[in-house]
Amino acid sequence: MNIVVLVKQVPDTSTERTLTEEDFTLDREALDPVLDEINERAVEEALRLKESTDAHVTVVTMGPDPAADALRKALAMGADAGIHVCDEALHGSDVPTTARVLAAAVRTVEDVDLVLAGNAATDGRAGAVPAAVADLLGLPQLTQIRQLEISDGQVRAERVTEDGEATLQAPMPSLVSVTEKINEPRYPSFKGIMAAKKKPIRTLDLDDLFPDADSQSFVTARSQVVQAVPRPPRAAGTRLDDDGSAGTRIAENLMAQKLL
């Protein structure tokens, strides 16, 4: 079985995030980059399937040169190969462009049986890329999954919603996006880290993925941010000593701010 996992390098969620002054995109050079934590769980799920079905796992990412570190982390965990789509023209790509590029990268892998992804990256939180990739590839999509089983060419998955639990099933090949509840990812061992250095990573650009397209007219984003201001500091609150009238005073304060 051939499994492809879509991963992304994102800023560490524990650090303060800033925007660049040029185009108001995320300033990634000023932040500590890590493999997205939900994508990491998608890698772990692929590795668990590999252990039970003897699968081959390829991890795919799109991003600048440092994004290859996200692939190396997945390879150290146990994935077999990586594909890095790296092209300066893709800077600031929106969801449709990202999905289009990732789908093209998946097509370079022969006989894909399963595509795994996190339900949303921790930097953008769009939550739409997996579904868009599935649509472009013409695959059934099982999204927001917390439990996954593969049997007899079928994908069976469990999703939790606000209204309860749902069980989904689809034939392979399929695309599955997982939530943070799917598993606990393993730590790369020293042996895995050393082995990752010898595993192949293919680097592709737009010309490789779209040889017949005009890269000069490749639209990366259909909207632009023209202005951004820092979030104002949180103002000090007002402390009320309850003498029996605190409820009324709180209500008056909320009405003054037009919150009631």
# chains A, B, ... in the order shown; residues from 1 in each chain; ligands from 1

call {"tool": "select_by_dssp", "arguments": {"residues": "segment 86-238 of chain A", "states": "strand (DSSP E or B)", "output": "PyMOL selection string"}}
result
chain A and resi 114-118+141-151+154-161+164-171+174-178+201-204

call {"tool": "residues_around", "arguments": {"residues": "Val101 of chain A", "least_positions_apart": "4", "cutoff": "9 Å", "atoms": "only C-alpha atoms", "output": "compact mmCIF listing (two decimals) with N, CA, C and O atoms, in the first residue's frame"}}
result
# COMPACT_ATOMS: atom_id res chain seq x y z
N MET A 62 5.06 21.74 1.00
CA MET A 62 5.28 22.90 0.12
C MET A 62 5.78 24.03 0.99
O MET A 62 5.19 24.34 2.02
N VAL A 85 8.11 20.62 -2.43
CA VAL A 85 7.79 21.58 -3.48
C VAL A 85 8.31 22.94 -3.01
O VAL A 85 7.80 23.51 -2.05
N PRO A 96 -6.63 27.74 -2.45
CA PRO A 96 -6.76 27.08 -3.76
C PRO A 96 -5.42 26.77 -4.42
O PRO A 96 -5.24 25.69 -4.98
N THR A 97 -4.47 27.70 -4.34
CA THR A 97 -3.16 27.45 -4.95
C THR A 97 -2.41 26.36 -4.21
O THR A 97 -1.80 25.48 -4.82
N ALA A 105 1.68 17.43 -6.70
CA ALA A 105 2.79 16.67 -6.10
C ALA A 105 2.37 15.24 -5.79
O ALA A 105 3.15 14.30 -6.00
N VAL A 106 1.15 15.06 -5.30
CA VAL A 106 0.66 13.71 -5.02
C VAL A 106 0.60 12.89 -6.29
O VAL A 106 0.89 11.69 -6.29
N VAL A 133 -7.78 19.33 -1.92
CA VAL A 133 -6.88 18.36 -2.57
C VAL A 133 -7.67 17.13 -3.01
O VAL A 133 -7.49 16.61 -4.11
N LEU A 206 7.63 24.70 -9.71
CA LEU A 206 6.42 24.82 -10.53
C LEU A 206 6.63 24.27 -11.94
O LEU A 206 5.70 23.68 -12.52
N LEU A 209 6.06 20.56 -11.85
CA LEU A 209 4.68 20.13 -11.63
C LEU A 209 3.73 20.57 -12.74
O LEU A 209 2.76 19.88 -13.04
N PHE A 210 4.01 21.72 -13.33
CA PHE A 210 3.15 22.27 -14.38
C PHE A 210 4.00 22.67 -15.58
O PHE A 210 4.18 23.86 -15.86

call {"tool": "residues_around", "arguments": {"residues": "segment 147-155 of chain A", "least_positions_apart": "3", "cutoff": "7 Å", "atoms": "only C-alpha atoms", "output": "ChimeraX atom specification"}}
result
/A:158,169-172,182

call {"tool": "closest_residue", "arguments": {"among": "A:Leu71, A:Leu90, A:Val7, A:Ala128", "to": "Ala221 of chain A", "atoms": "only C-alpha atoms"}}
result
A:Leu90

call {"tool": "closest_residue", "arguments": {"among": "A:Gly63, A:Pro188, A:Gly164, A:Gly124", "to": "Leu102 of chain A", "atoms": "only C-alpha atoms"}}
result
A:Gly63

call {"tool": "closest_residue", "arguments": {"among": "A:Leu114, A:Ala126, A:Ala103, A:Val34", "to": "Asn2 of chain A", "atoms": "only C-alpha atoms"}}
result
A:Leu114
